[in-house]
There are 2 protein chains.
Amino acid sequence: MWPNSPGCLGQLRRELFKSRFGTPRYPAKVFNAAQQLAFRPNKIAQQLRSQATQMIGVMVPSLDNPVFAEQLQAMEVAARASGYSLIVTTSEYSPSREGDIVEEMLRQRVDGLVLTVAEADNSAVLDKLRLENTPCLLVYNPPGNSSFPSIGVDNRAASADATRHLITLGHERIGMVAGPLLQSDRAQQRFDGYCHAMREAGLIARPLVEMARHTQADLASLIPALQGPDALSAVICTNDLLAISLIGELQRAGFSVPGDLSVMGFDGIALGKHLYPSLCTIEQPRADIGRTAVHTLLAMIRGEECTPTPPAPRIASGRKCRNPDIP
Amino acid sequence: MWPNSPGCLGQLRRELFKSRFGTPRYPAKVFNAAQQLAFRPNKIAQQLRSQATQMIGVMVPSLDNPVFAEQLQAMEVAARASGYSLIVTTSEYSPSREGDIVEEMLRQRVDGLVLTVAEADNSAVLDKLRLENTPCLLVYNPPGNSSFPSIGVDNRAASADATRHLITLGHERIGMVAGPLLQSDRAQQRFDGYCHAMREAGLIARPLVEMARHTQADLASLIPALQGPDALSAVICTNDLLAISLIGELQRAGFSVPGDLSVMGFDGIALGKHLYPSLCTIEQPRADIGRTAVHTLLAMIRGEECTPTPPAPRIASGRKCRNPDIP
DNA sequence: TTGTACGCGTTATCAC
DNA sequence: GTGATAACGCGTACAA
């Protein structure tokens, strides 16, 4: 009909523009024209013109882990409420994928980034981002030396809490089970907290039992620690999926849980409390973390907190869930 | 340095352009200039110019349900492998949110949409999309009358399979438990399949037991059906989270599972098989569904299958998982 | 090979 | 108020 004649679209655009700034006055003429032309504002052009995309880039290791999925759910709701959209990517804990993803998002000119990287203290992608001026926020990664603000629980303290909890219950031979350590700085921190609490109580910290996958236990690597006079009476897993799967493996192999071995988790995924007995775990407020991450990043985008090293907003150490079956 | 001088950026762009079409020849001069200027191609401008965004819009009801999260994980990997990004949104089963989300994505000029709507046969957002020419693919929604291609298992057949499985095991008093029915056409289809299999076996189908939430069972609404001479001996839940949570509630209330009541799930989330006893369920190949959804949509975007009603690609009815504890 | 000019759809700022 | 115009960064056709 009217292709690009400024007489029509020009006025239309002007009206739509005004309506955004509190002068919403739609002459029927303009409104009808908009409908007849099936006019739909083009965000691409708006973004190019305004140099802002209202999009935030999100990178998590994997969405197969409910921890990240539930955090993302909260982030999406919070972002949408503020008029922002999410570009979501998964790194699979691979540094090279991390690099590609971030580069891609920068080309897309996202207004900000929310990342969970493999290792915050030794990350090529963070080194690169330090030279950019795109606001960037870490989630779950310990604040450490990365010089980026980070949101998440204090893994060391939380893990020490969990250990003390088991000690209070009378356990002395406590171990820790983790997924591939190289891939996650959180697991390392949680191990540190465990060691600290053990020493503090005069107990000996056992070496970490490392499993091949983050979310699936293989019993074989734990069996040695369950035999002999020094056999473990309790273990803490670095995440809930690992704990649940370990409990299943133990039961399948004829062990009684928690009779022969108490198993504690870490994360507090929603499912844990529906199980029977419910999983004893350290609960990370995933929804809060997601929401807070978005709000913090939006503040950074507005330039409110854009100093490179603001006081890292930490959420207090997670709280323990009662598990009546742990002795 | 060189702000916009065509002498520099023009050549640079040309080189980058050529390199995309098989003449990758970077004179050092150009390459260095790119680095010195910290040049980064602007996707926004590319998108505006080429009228294609290489972005696909995804809408799922909620990421708190691992079914959708795991599907999304597979979609993200497949999309990235083809150079596409994902804009992810959650509708929370709300039709009004569905409308807002899709409108927003159309303004963003996504190249295609992958949606899971509440009710495909009665959906305002699909009615609107029929008038647009943005490729659109449904996931999990039954193909039905929506005139959109859809990917997912045949819920009716799968549910009938599950029912027959229980019947084969000797059960006769079988019930079905669902979340809020109005919010999900899948649950309705699964109930239909159950009814069909029951009638087929000469058994009476019980009325659906509807729970207030999709992922959390409240035992109270099921208790009546567990009492009296006609007490149920088995139930099928319309999704795994509901099943797991119901099992927990039952056990907490002193029931024995599967002694007093056998509980079957639907979806086959990864966690189910790690439990002990592992959850008996109908497995939907979520990763396959996600991958296939992306590949199909990309084909539609390329115009290969862009007829409004192509033969709906269905994945064969999911397969049963063995659960040794169901009698 | 190298330089130039136009258009994609908006927004912003002019002049009328 | 209304209409024309520049610029955002890129792709591309065309001219030098």
# chains A, B, ... in the order shown; residues from 1 in each chain; ligands from 1
>>> residues_around(residues="region 84-86 of chain A", least_positions_apart="3", cutoff="9 Å", atoms="only C-alpha atoms (C1' of nucleotides)", output="VMD selection string")
(chain A and resid 53 to 58 75 to 76 78 to 81) or (chain B and resid 86 to 89)
>>> write_last_selection(atoms="N, CA and C atoms", output="PDB file, in the first residue's frame")
ATOM      1  N   THR A  53      19.879  -2.988  23.209  1.00  0.00           N
ATOM      2  CA  THR A  53      19.076  -4.091  22.689  1.00  0.00           C
ATOM      3  C   THR A  53      18.006  -4.581  23.646  1.00  0.00           C
ATOM      4  N   GLN A  54      18.077  -4.181  24.892  1.00  0.00           N
ATOM      5  CA  GLN A  54      17.174  -4.725  25.897  1.00  0.00           C
ATOM      6  C   GLN A  54      17.254  -6.247  25.911  1.00  0.00           C
ATOM      7  N   MET A  55      18.412  -6.734  25.656  1.00  0.00           N
ATOM      8  CA  MET A  55      18.589  -8.179  25.715  1.00  0.00           C
ATOM      9  C   MET A  55      19.767  -8.485  26.629  1.00  0.00           C
ATOM     10  N   ILE A  56      19.622  -9.493  27.446  1.00  0.00           N
ATOM     11  CA  ILE A  56      20.760  -9.888  28.253  1.00  0.00           C
ATOM     12  C   ILE A  56      21.147 -11.322  27.918  1.00  0.00           C
ATOM     13  N   GLY A  57      22.436 -11.536  27.837  1.00  0.00           N
ATOM     14  CA  GLY A  57      22.958 -12.840  27.455  1.00  0.00           C
ATOM     15  C   GLY A  57      23.211 -13.692  28.688  1.00  0.00           C
ATOM     16  N   VAL A  58      22.737 -14.911  28.631  1.00  0.00           N
ATOM     17  CA  VAL A  58      22.885 -15.812  29.772  1.00  0.00           C
ATOM     18  C   VAL A  58      23.655 -17.049  29.334  1.00  0.00           C
ATOM     19  N   MET A  75      15.092 -15.896  36.366  1.00  0.00           N
ATOM     20  CA  MET A  75      15.696 -14.795  35.617  1.00  0.00           C
ATOM     21  C   MET A  75      14.780 -14.343  34.491  1.00  0.00           C
ATOM     22  N   GLU A  76      14.164 -15.295  33.834  1.00  0.00           N
ATOM     23  CA  GLU A  76      13.334 -14.927  32.689  1.00  0.00           C
ATOM     24  C   GLU A  76      12.155 -14.093  33.142  1.00  0.00           C
ATOM     25  N   ALA A  78      11.938 -12.239  35.828  1.00  0.00           N
ATOM     26  CA  ALA A  78      12.399 -10.925  36.277  1.00  0.00           C
ATOM     27  C   ALA A  78      12.764 -10.042  35.083  1.00  0.00           C
ATOM     28  N   ALA A  79      13.430 -10.625  34.115  1.00  0.00           N
ATOM     29  CA  ALA A  79      13.865  -9.843  32.961  1.00  0.00           C
ATOM     30  C   ALA A  79      12.656  -9.335  32.174  1.00  0.00           C
ATOM     31  N   ARG A  80      11.728 -10.219  31.917  1.00  0.00           N
ATOM     32  CA  ARG A  80      10.538  -9.833  31.147  1.00  0.00           C
ATOM     33  C   ARG A  80       9.783  -8.716  31.852  1.00  0.00           C
ATOM     34  N   ALA A  81       9.731  -8.815  33.184  1.00  0.00           N
ATOM     35  CA  ALA A  81       9.024  -7.785  33.948  1.00  0.00           C
ATOM     36  C   ALA A  81       9.669  -6.416  33.752  1.00  0.00           C
TER      37      ALA A  81
ATOM     38  N   LEU B  86      19.052 -18.697  20.624  1.00  0.00           N
ATOM     39  CA  LEU B  86      17.716 -18.914  21.173  1.00  0.00           C
ATOM     40  C   LEU B  86      17.310 -17.761  22.091  1.00  0.00           C
ATOM     41  N   ILE B  87      16.119 -17.234  21.850  1.00  0.00           N
ATOM     42  CA  ILE B  87      15.501 -16.350  22.831  1.00  0.00           C
ATOM     43  C   ILE B  87      14.498 -17.190  23.599  1.00  0.00           C
ATOM     44  N   VAL B  88      14.698 -17.285  24.877  1.00  0.00           N
ATOM     45  CA  VAL B  88      13.911 -18.220  25.683  1.00  0.00           C
ATOM     46  C   VAL B  88      12.930 -17.473  26.576  1.00  0.00           C
ATOM     47  N   THR B  89      11.709 -17.940  26.577  1.00  0.00           N
ATOM     48  CA  THR B  89      10.690 -17.324  27.436  1.00  0.00           C
ATOM     49  C   THR B  89       9.827 -18.408  28.083  1.00  0.00           C
TER      50      THR B  89
END
>>> closest_atom_pairs(of="chain C", to="chain A", cutoff="9 Å", atoms="only C-alpha atoms (C1' of nucleotides)", output="tab-separated table")
residue	atom	partner	partner_atom	distance
C:DC8	C1'	A:Ala45	CA	8.2
C:DG9	C1'	A:Ala45	CA	5.0
C:DT10	C1'	A:Gln46	CA	5.1
C:DT11	C1'	A:Arg49	CA	6.6
>>> write_last_selection(atoms="N, CA and C atoms (P, O5', C5', C4', C3', O3' and C1' of nucleotides)", output="PDB file, in the first residue's frame")
ATOM      1  P    DC C   8      14.535   0.315   1.766  1.00  0.00           P
ATOM      2  O5'  DC C   8      14.651  -0.629   3.041  1.00  0.00           O
ATOM      3  C5'  DC C   8      15.059  -1.984   2.958  1.00  0.00           C
ATOM      4  C4'  DC C   8      15.606  -2.410   4.284  1.00  0.00           C
ATOM      5  C3'  DC C   8      14.859  -1.813   5.473  1.00  0.00           C
ATOM      6  O3'  DC C   8      13.808  -2.696   5.864  1.00  0.00           O
ATOM      7  C1'  DC C   8      17.277  -1.780   5.772  1.00  0.00           C
ATOM      8  P    DG C   9      12.305  -2.163   5.907  1.00  0.00           P
ATOM      9  O5'  DG C   9      12.265  -1.456   7.337  1.00  0.00           O
ATOM     10  C5'  DG C   9      12.378  -2.265   8.485  1.00  0.00           C
ATOM     11  C4'  DG C   9      12.543  -1.399   9.703  1.00  0.00           C
ATOM     12  C3'  DG C   9      11.404  -0.414   9.940  1.00  0.00           C
ATOM     13  O3'  DG C   9      11.091  -0.465  11.305  1.00  0.00           O
ATOM     14  C1'  DG C   9      13.452   0.736   9.885  1.00  0.00           C
ATOM     15  P    DT C  10       9.853   0.303  11.940  1.00  0.00           P
ATOM     16  O5'  DT C  10      10.533   1.049  13.144  1.00  0.00           O
ATOM     17  C5'  DT C  10      11.561   1.931  12.846  1.00  0.00           C
ATOM     18  C4'  DT C  10      12.453   2.129  14.020  1.00  0.00           C
ATOM     19  C3'  DT C  10      11.983   3.303  14.856  1.00  0.00           C
ATOM     20  O3'  DT C  10      12.132   3.044  16.236  1.00  0.00           O
ATOM     21  C1'  DT C  10      14.038   3.808  13.663  1.00  0.00           C
ATOM     22  P    DT C  11      11.395   4.136  17.189  1.00  0.00           P
ATOM     23  O5'  DT C  11      12.444   5.333  17.294  1.00  0.00           O
ATOM     24  C5'  DT C  11      13.641   5.139  18.013  1.00  0.00           C
ATOM     25  C4'  DT C  11      14.555   6.320  17.808  1.00  0.00           C
ATOM     26  C3'  DT C  11      14.053   7.636  18.414  1.00  0.00           C
ATOM     27  O3'  DT C  11      15.081   8.157  19.226  1.00  0.00           O
ATOM     28  C1'  DT C  11      14.749   7.963  16.195  1.00  0.00           C
TER      29       DT C  11
END
>>> atom_distance(atom1="CA of Leu169 (chain A)", atom2="CA of Pro258 (chain A)")
12.4 Å
>>> closest_atom_pairs(of="chain D", to="chain A", cutoff="9 Å", atoms="only C-alpha atoms (C1' of nucleotides)", output="tab-separated table")
residue	atom	partner	partner_atom	distance
D:DT2	C1'	A:Gln11	CA	8.3
D:DG3	C1'	A:Gly7	CA	6.9
D:DA4	C1'	A:Pro6	CA	8.0
D:DA7	C1'	A:Arg49	CA	8.0
D:DC8	C1'	A:Arg49	CA	4.6
D:DG9	C1'	A:Leu48	CA	7.7
>>> interface_residues(of="chain B", to="chain A", cutoff="9 Å", atoms="only C-alpha atoms", output="count of residues only")
54
>>> select_by_dssp(residues="region 142-281 of chain B", states="strand (DSSP E)", output="list in words")
Ser150, Ile151, Ile174, Gly175, Met176, Val177, Ala178, Val209, Glu210, Ala234, Val235, Ile236, Cys237, Ser262, Val263 and Met264 of chain B
